[in-house]
$ cat target.cif   # mmCIF, C-alpha atoms
data_input
#
loop_
_atom_site.label_atom_id
_atom_site.label_comp_id
_atom_site.auth_asym_id
_atom_site.auth_seq_id
_atom_site.Cartn_x
_atom_site.Cartn_y
_atom_site.Cartn_z
CA MET A 30 114.67 75.99 87.21
CA THR A 31 116.10 79.03 88.96
CA PRO A 32 115.80 79.70 92.72
CA MET A 33 113.32 82.52 91.96
CA GLN A 34 111.05 80.09 90.16
CA LEU A 35 111.26 77.61 93.04
CA ILE A 36 110.35 80.35 95.54
CA PHE A 37 107.45 81.43 93.33
CA ILE A 38 106.08 77.90 92.95
CA PHE A 39 106.34 77.24 96.67
CA THR A 40 104.63 80.55 97.52
CA ALA A 41 101.89 80.16 94.92
CA VAL A 42 101.05 76.58 95.90
CA ALA A 43 101.14 77.33 99.64
CA SER A 44 98.97 80.42 99.43
CA THR A 45 96.47 78.86 97.00
CA VAL A 46 96.07 75.86 99.32
CA ALA A 47 95.67 78.29 102.23
CA ALA A 48 93.03 80.22 100.23
CA ILE A 49 91.11 76.98 99.64
CA MET A 50 91.32 76.31 103.39
CA VAL A 51 89.96 79.84 104.04
CA VAL A 52 86.77 79.15 102.08
CA THR A 53 86.26 75.57 103.31
CA ARG A 54 87.18 75.49 107.02
CA ARG A 55 84.23 75.28 109.38
CA ASN A 56 86.19 76.83 112.26
CA MET A 57 86.33 80.56 111.47
CA VAL A 58 89.44 81.21 113.59
CA HIS A 59 91.34 78.66 111.49
CA ALA A 60 89.97 80.29 108.35
CA ALA A 61 91.24 83.69 109.55
CA LEU A 62 94.71 82.27 110.26
CA PHE A 63 94.82 80.66 106.80
CA LEU A 64 93.81 84.05 105.38
CA VAL A 65 96.92 85.51 107.06
CA MET A 66 99.00 82.82 105.31
CA THR A 67 97.49 83.69 101.92
CA LEU A 68 98.08 87.42 102.46
CA PHE A 69 101.70 86.70 103.38
CA GLY A 70 102.09 84.73 100.14
CA VAL A 71 100.87 87.78 98.22
CA ALA A 72 103.45 89.90 100.08
CA VAL A 73 106.16 87.46 98.94
CA ALA A 74 104.87 87.86 95.37
CA PHE A 75 105.24 91.65 95.69
CA VAL A 76 108.86 91.17 96.77
CA LEU A 77 109.47 88.88 93.77
CA LEU A 78 107.92 91.58 91.54
CA GLU A 79 110.41 94.15 92.91
CA ALA A 80 107.74 96.17 94.71
CA PRO A 81 109.08 96.12 98.30
CA PHE A 82 107.00 99.13 99.40
CA LEU A 83 103.76 97.37 98.48
CA ALA A 84 105.00 94.22 100.26
CA VAL A 85 105.48 96.23 103.46
CA VAL A 86 102.07 97.88 103.06
CA GLN A 87 100.55 94.44 102.45
CA VAL A 88 101.98 93.12 105.72
CA VAL A 89 101.11 96.24 107.73
CA VAL A 90 97.62 96.96 106.35
CA TYR A 91 96.32 93.55 105.34
CA ILE A 92 97.89 91.29 107.97
CA GLY A 93 98.33 93.88 110.69
CA ALA A 94 94.93 95.54 110.42
CA ILE A 95 92.44 93.70 108.24
CA ALA A 96 93.21 90.11 109.27
CA ILE A 97 93.38 91.07 112.95
CA LEU A 98 90.05 92.87 112.60
CA MET A 99 88.63 89.70 111.05
CA ILE A 100 89.89 87.62 114.00
CA PHE A 101 88.33 90.10 116.43
CA ALA A 102 85.00 89.94 114.60
CA VAL A 103 85.11 86.13 114.51
CA MET A 104 85.75 85.96 118.24
CA LEU A 105 83.03 88.50 119.05
CA THR A 106 80.44 86.51 117.08
CA ARG A 107 81.52 83.04 118.08
CA ASN A 108 79.68 79.71 118.23
CA VAL A 109 76.54 80.76 116.43
CA THR A 110 76.49 79.14 113.02
CA ASP A 111 79.22 77.00 111.59
CA ASP A 112 81.88 76.78 114.28
CA GLU A 113 81.60 73.20 115.44
CA SER A 114 78.20 72.14 114.19
CA GLY A 115 76.24 72.70 111.02
CA HIS A 116 77.28 73.05 107.43
CA PRO A 117 79.58 75.90 106.36
CA PHE A 118 78.02 76.18 102.89
CA ASN A 119 74.61 77.35 101.75
CA ALA A 120 72.38 75.54 99.25
CA ASN A 121 74.15 77.00 96.20
CA VAL A 122 77.50 75.28 96.81
CA ARG A 123 77.48 73.24 93.56
CA LEU A 124 76.53 76.25 91.47
CA ALA A 125 79.21 78.32 93.24
CA LEU A 126 81.88 75.70 92.53
CA LEU A 127 80.77 75.53 88.91
CA SER A 128 80.92 79.31 88.44
CA ALA A 129 84.33 79.53 90.16
CA VAL A 130 85.75 76.86 87.85
CA PHE A 131 84.09 78.60 84.89
CA VAL A 132 85.56 82.01 85.77
CA PHE A 133 89.02 80.48 86.28
CA SER A 134 89.03 78.62 82.97
CA LEU A 135 87.57 81.63 81.14
CA LEU A 136 90.33 83.88 82.54
CA VAL A 137 93.09 81.40 81.68
CA VAL A 138 91.77 80.75 78.15
CA THR A 139 91.27 84.46 77.44
CA LEU A 140 94.69 85.44 78.77
CA GLY A 141 96.30 82.48 76.99
CA GLY A 142 95.33 84.01 73.65
CA TRP A 143 97.19 87.21 74.48
CA ALA A 144 100.51 87.69 72.69
CA GLN A 145 102.47 88.74 75.79
CA PHE A 146 101.02 86.00 78.01
CA SER A 147 104.35 84.27 78.66
CA ALA A 148 106.52 87.39 78.50
CA ILE A 149 109.67 87.55 80.60
CA ALA A 150 110.19 90.60 82.82
CA PRO A 151 112.26 93.19 80.93
CA PHE A 152 115.44 94.31 82.60
CA ALA A 153 114.61 97.57 84.34
CA ASN A 154 115.78 99.71 87.21
CA THR A 155 112.95 99.74 89.75
CA SER A 156 114.78 101.51 92.58
CA GLY A 157 113.03 104.84 91.95
CA ALA A 158 109.52 103.44 91.95
CA VAL A 159 108.59 104.55 95.48
CA ALA A 160 109.72 108.13 94.93
CA GLN A 161 107.87 108.13 91.61
CA LEU A 162 104.74 106.80 93.35
CA GLY A 163 104.93 109.51 96.00
CA GLU A 164 105.22 112.21 93.34
CA ALA A 165 102.38 110.73 91.30
CA LEU A 166 100.08 110.63 94.35
CA ALA A 167 100.64 114.34 95.01
CA ALA A 168 100.79 115.66 91.42
CA ALA A 169 97.83 117.48 89.90
CA ASP A 170 98.27 115.58 86.64
CA GLY A 171 98.76 112.35 88.60
CA TYR A 172 96.51 110.72 91.15
CA VAL A 173 95.93 113.49 93.68
CA LEU A 174 92.16 113.33 93.13
CA ALA A 175 92.05 109.56 93.65
CA PHE A 176 94.28 109.99 96.71
CA GLU A 177 91.95 112.58 98.27
CA VAL A 178 88.87 110.53 97.43
CA ALA A 179 90.49 107.51 99.11
CA SER A 180 91.21 109.56 102.23
CA MET A 181 87.59 110.80 102.33
CA LEU A 182 86.41 107.21 101.83
CA LEU A 183 88.49 106.03 104.77
CA LEU A 184 87.20 108.88 106.95
CA GLY A 185 83.61 108.10 105.95
CA ALA A 186 84.13 104.38 106.61
CA LEU A 187 85.60 105.15 110.04
CA VAL A 188 82.70 107.43 111.04
CA GLY A 189 80.18 104.99 109.55
CA ALA A 190 81.65 102.01 111.40
CA ILE A 191 81.52 103.88 114.71
CA PHE A 192 77.95 105.01 114.00
CA VAL A 193 76.78 101.50 113.17
CA VAL A 194 78.12 99.87 116.33
CA TRP A 195 77.35 102.78 118.68
CA PRO A 196 75.11 101.38 121.45
CA ARG A 197 71.65 102.91 121.49
CA GLN A 198 69.68 102.26 124.67
CA ALA A 199 66.23 102.62 123.14
CA GLU A 200 66.81 99.95 120.47
CA ASN A 201 68.63 97.41 122.61
CA ASP A 202 65.54 95.65 123.94
CA MET B 18 113.06 84.07 85.26
CA ILE B 19 109.38 83.87 86.08
CA PRO B 20 107.06 84.33 83.08
CA LEU B 21 104.10 86.71 83.40
CA SER B 22 101.71 83.82 82.81
CA TRP B 23 102.56 82.23 86.17
CA TYR B 24 101.44 85.33 88.05
CA LEU B 25 98.28 85.67 85.95
CA VAL B 26 97.26 82.03 86.39
CA TRP B 27 97.96 82.17 90.13
CA ALA B 28 95.94 85.39 90.49
CA ALA B 29 93.10 83.82 88.49
CA ALA B 30 93.14 80.81 90.83
CA LEU B 31 93.03 83.06 93.93
CA PHE B 32 90.18 85.06 92.37
CA ALA B 33 88.20 81.89 91.62
CA VAL B 34 88.71 80.58 95.16
CA GLY B 35 87.56 83.91 96.58
CA LEU B 36 84.53 83.92 94.27
CA PHE B 37 83.62 80.44 95.47
CA GLY B 38 83.89 81.64 99.08
CA VAL B 39 81.65 84.65 98.41
CA LEU B 40 79.01 82.57 96.64
CA ALA B 41 79.00 79.45 98.83
CA ARG B 42 79.72 80.41 102.45
CA LYS B 43 76.98 80.99 105.02
CA ASN B 44 78.98 83.06 107.50
CA ILE B 45 79.10 86.77 106.58
CA ILE B 46 82.68 87.08 107.89
CA ALA B 47 83.71 84.21 105.58
CA ILE B 48 82.08 86.07 102.68
CA LEU B 49 84.19 89.14 103.56
CA MET B 50 87.29 86.90 103.59
CA GLY B 51 86.40 85.77 100.06
CA VAL B 52 86.17 89.42 98.98
CA GLU B 53 89.64 89.99 100.46
CA LEU B 54 91.02 87.08 98.43
CA MET B 55 89.54 88.54 95.24
CA LEU B 56 91.00 92.00 95.94
CA ASN B 57 94.42 90.44 96.56
CA ALA B 58 94.25 88.60 93.24
CA VAL B 59 93.56 91.93 91.52
CA ASN B 60 96.53 93.49 93.32
CA ILE B 61 98.88 90.73 92.12
CA ASN B 62 97.72 91.43 88.56
CA LEU B 63 98.21 95.20 88.89
CA VAL B 64 101.77 94.88 90.21
CA ALA B 65 102.69 92.11 87.74
CA PHE B 66 101.54 94.23 84.79
CA TRP B 67 103.51 97.22 86.17
CA ARG B 68 106.68 95.09 86.33
CA TYR B 69 106.29 93.27 83.00
CA LEU B 70 104.96 96.01 80.72
CA ASP B 71 106.35 99.44 81.61
CA VAL B 72 108.18 100.24 84.85
CA ARG B 73 108.08 104.01 84.23
CA ASP B 74 104.26 104.03 84.31
CA ILE B 75 103.41 103.98 88.01
CA THR B 76 99.64 103.47 87.55
CA GLY B 77 99.82 99.85 88.72
CA HIS B 78 101.31 100.90 92.05
CA ALA B 79 98.85 103.77 92.52
CA PHE B 80 95.83 101.58 91.90
CA ALA B 81 97.18 98.84 94.17
CA LEU B 82 97.34 101.46 96.93
CA MET B 83 93.74 102.50 96.17
CA VAL B 84 92.72 98.84 96.48
CA PHE B 85 94.39 98.72 99.92
CA ALA B 86 92.39 101.77 101.04
CA VAL B 87 89.11 100.44 99.65
CA ALA B 88 89.70 97.03 101.28
CA ALA B 89 90.38 98.65 104.65
CA ALA B 90 87.21 100.76 104.39
CA GLU B 91 85.14 97.77 103.25
CA VAL B 92 86.33 95.58 106.12
CA ALA B 93 85.78 98.31 108.73
CA VAL B 94 82.18 98.95 107.65
CA GLY B 95 81.44 95.27 106.92
CA LEU B 96 82.61 94.02 110.30
CA ALA B 97 80.80 96.86 112.08
CA LEU B 98 77.60 95.75 110.32
CA VAL B 99 78.26 92.12 111.29
CA ILE B 100 78.76 93.01 114.95
CA SER B 101 75.68 95.24 114.98
CA LEU B 102 73.69 92.44 113.34
CA TYR B 103 74.97 89.92 115.88
CA ARG B 104 73.88 92.18 118.74
CA ARG B 105 70.35 92.51 117.43
CA ARG B 106 69.61 89.11 115.81
CA GLN B 107 72.24 86.77 117.37
CA THR B 108 73.25 85.46 113.93
CA VAL B 109 76.03 85.91 111.39
CA ALA B 110 74.51 83.65 108.72
CA ALA B 111 73.81 85.45 105.47
CA ASP B 112 70.69 83.41 104.65
CA GLU B 113 69.05 84.21 107.99
CA VAL B 114 69.16 87.95 107.26
CA ASP B 115 66.25 88.14 104.82
CA LEU B 116 64.20 91.07 106.10
CA LEU B 117 64.63 92.97 102.81
CA LYS B 118 64.04 89.91 100.62
CA TRP B 119 60.99 90.23 98.38
#

$ encode --input "target.cif" --output "structure tokens"
Amino acid sequence: MTPMQLIFIFTAVASTVAAIMVVTRRNMVHAALFLVMTLFGVAVAFVLLEAPFLAVVQVVVYIGAIAILMIFAVMLTRNVTDDESGHPFNANVRLALLSAVFVFSLLVVTLGGWAQFSAIAPFANTSGAVAQLGEALAAADGYVLAFEVASMLLLGALVGAIFVVWPRQAEND
Amino acid sequence: MIPLSWYLVWAAALFAVGLFGVLARKNIIAILMGVELMLNAVNINLVAFWRYLDVRDITGHAFALMVFAVAAAEVAVGLALVISLYRRRQTVAADEVDLLKW
């Protein structure tokens, strides 16, 4: 067992346990903090996969923006449903558990039949990946269209979010 | 070294946990957290396939970045809807928002 494998096992177990806590904790602030832990585990996985740029983006965008936004939303809508009282799950909890287990076993069985399932990472020089990604995102035969669509999507989401929460006096009563 | 299967099984486990959260939780914010878990599982898969199959093909990275952008947009709009809903109905429980249910 190499140190890399030990780091991977520790990260995977910790972030999977944290993910289970996210979907089972009644206190939503605790759930949000466990979500941060899971997202950090994914960032560690990106480092292990030799994708340091994506690890940084994961920390900045997911933990720095999305998880903090979640915590803000939790605190702005506090103590209404399942904070200290009541049940955190709806009536379909058994069916949901069954379908989650089914999807997991289906994925593992399907992937297990694939020839390269237990492949080892080939030796490769990944130092130029970020420059290559930057070129691909701006190249006409690359992903410039997807890049522009993503920027329009973010702009639309920004304007839409502001529009949705904009206070309107006539409808407030 | 770490075999590809470890990453795939871990990502499948994260995806299943997120799916359970989406299907079973009452709180809309918790449902959004489940969606985030599922998107992260997909991202692990994309980057793992980039590393283990062909490093020169940057598609895995590009699509992981698209997933980041879509997740940010989804959370911004979703949480705005939750806060607007909380202002009007004083609830964030998904099963109490049934105005459009037939």

$ closest_atom_pairs --input "target.cif" --of "chain A" --to "chain B" --cutoff "6 Å" --atoms "all atoms listed in the file" --output "Markdown table"
| residue | atom | partner | partner_atom | distance |
| --- | --- | --- | --- | --- |
| A:Gln34 | CA | B:Ile19 | CA | 5.8 |
| A:Val52 | CA | B:Gly38 | CA | 4.8 |
| A:Pro117 | CA | B:Lys43 | CA | 5.9 |
| A:Phe118 | CA | B:Arg42 | CA | 4.6 |
| A:Asn119 | CA | B:Lys43 | CA | 5.4 |
| A:Val122 | CA | B:Ala41 | CA | 4.9 |
| A:Ala125 | CA | B:Phe37 | CA | 5.4 |
| A:Leu126 | CA | B:Phe37 | CA | 5.8 |
| A:Ala129 | CA | B:Ala33 | CA | 4.8 |
| A:Phe133 | CA | B:Ala33 | CA | 5.6 |
| A:Phe146 | CA | B:Ser22 | CA | 5.3 |
| A:Ser147 | CA | B:Ser22 | CA | 4.9 |
| A:Ala148 | CA | B:Leu21 | CA | 5.5 |
| A:Ile149 | CA | B:Pro20 | CA | 4.8 |
| A:Ala150 | CA | B:Tyr69 | CA | 4.7 |
| A:Leu183 | CA | B:Ala90 | CA | 5.4 |
| A:Ala186 | CA | B:Ala90 | CA | 5.2 |
| A:Ala190 | CA | B:Val94 | CA | 4.9 |
| A:Val194 | CA | B:Ser101 | CA | 5.4 |

$ resolve_selection --input "target.cif" --expression "the PyMOL selection byres ((chain A and resi 60) around 10)" --output "count of residues only"
25

$ closest_residue --input "target.cif" --among "A:Leu98, A:Ala43, A:Val73, A:Ile38" --to "A:Val86" --atoms "all atoms listed in the file"
A:Val73

$ resolve_selection --input "target.cif" --expression "the PyMOL selection byres ((chain A and resi 163) around 12)" --output "ChimeraX atom specification"
/A:82,157-162,164-168,171-173,176 /B:75-76,78-79,82

$ write_last_selection --input "target.cif" --atoms "C-alpha atoms" --output "PDB file, in the coordinates of the input"
ATOM      1  CA  PHE A  82     107.000  99.130  99.400  1.00  0.00           C
ATOM      2  CA  GLY A 157     113.030 104.840  91.950  1.00  0.00           C
ATOM      3  CA  ALA A 158     109.520 103.440  91.950  1.00  0.00           C
ATOM      4  CA  VAL A 159     108.590 104.550  95.480  1.00  0.00           C
ATOM      5  CA  ALA A 160     109.720 108.130  94.930  1.00  0.00           C
ATOM      6  CA  GLN A 161     107.870 108.130  91.610  1.00  0.00           C
ATOM      7  CA  LEU A 162     104.740 106.800  93.350  1.00  0.00           C
ATOM      8  CA  GLU A 164     105.220 112.210  93.340  1.00  0.00           C
ATOM      9  CA  ALA A 165     102.380 110.730  91.300  1.00  0.00           C
ATOM     10  CA  LEU A 166     100.080 110.630  94.350  1.00  0.00           C
ATOM     11  CA  ALA A 167     100.640 114.340  95.010  1.00  0.00           C
ATOM     12  CA  ALA A 168     100.790 115.660  91.420  1.00  0.00           C
ATOM     13  CA  GLY A 171      98.760 112.350  88.600  1.00  0.00           C
ATOM     14  CA  TYR A 172      96.510 110.720  91.150  1.00  0.00           C
ATOM     15  CA  VAL A 173      95.930 113.490  93.680  1.00  0.00           C
ATOM     16  CA  PHE A 176      94.280 109.990  96.710  1.00  0.00           C
TER      17      PHE A 176
ATOM     18  CA  ILE B  75     103.410 103.980  88.010  1.00  0.00           C
ATOM     19  CA  THR B  76      99.640 103.470  87.550  1.00  0.00           C
ATOM     20  CA  HIS B  78     101.310 100.900  92.050  1.00  0.00           C
ATOM     21  CA  ALA B  79      98.850 103.770  92.520  1.00  0.00           C
ATOM     22  CA  LEU B  82      97.340 101.460  96.930  1.00  0.00           C
TER      23      LEU B  82
END

$ atom_distance --input "target.cif" --atom1 "atom CA of A:Gly141" --atom2 "atom CA of A:Asn154"
27.9 Å

$ resolve_selection --input "target.cif" --expression "the PyMOL selection byres ((chain A and resi 84) around 10)" --output "MDAnalysis selection string"
chainID A and resid 68:83 85:90

$ atom_distance --input "target.cif" --atom1 "atom CA of A:Leu124" --atom2 "atom CA of A:Val42"
24.9 Å

$ atom_distance --input "target.cif" --atom1 "atom CA of A:Ser44" --atom2 "atom CA of B:Met55"
13.1 Å
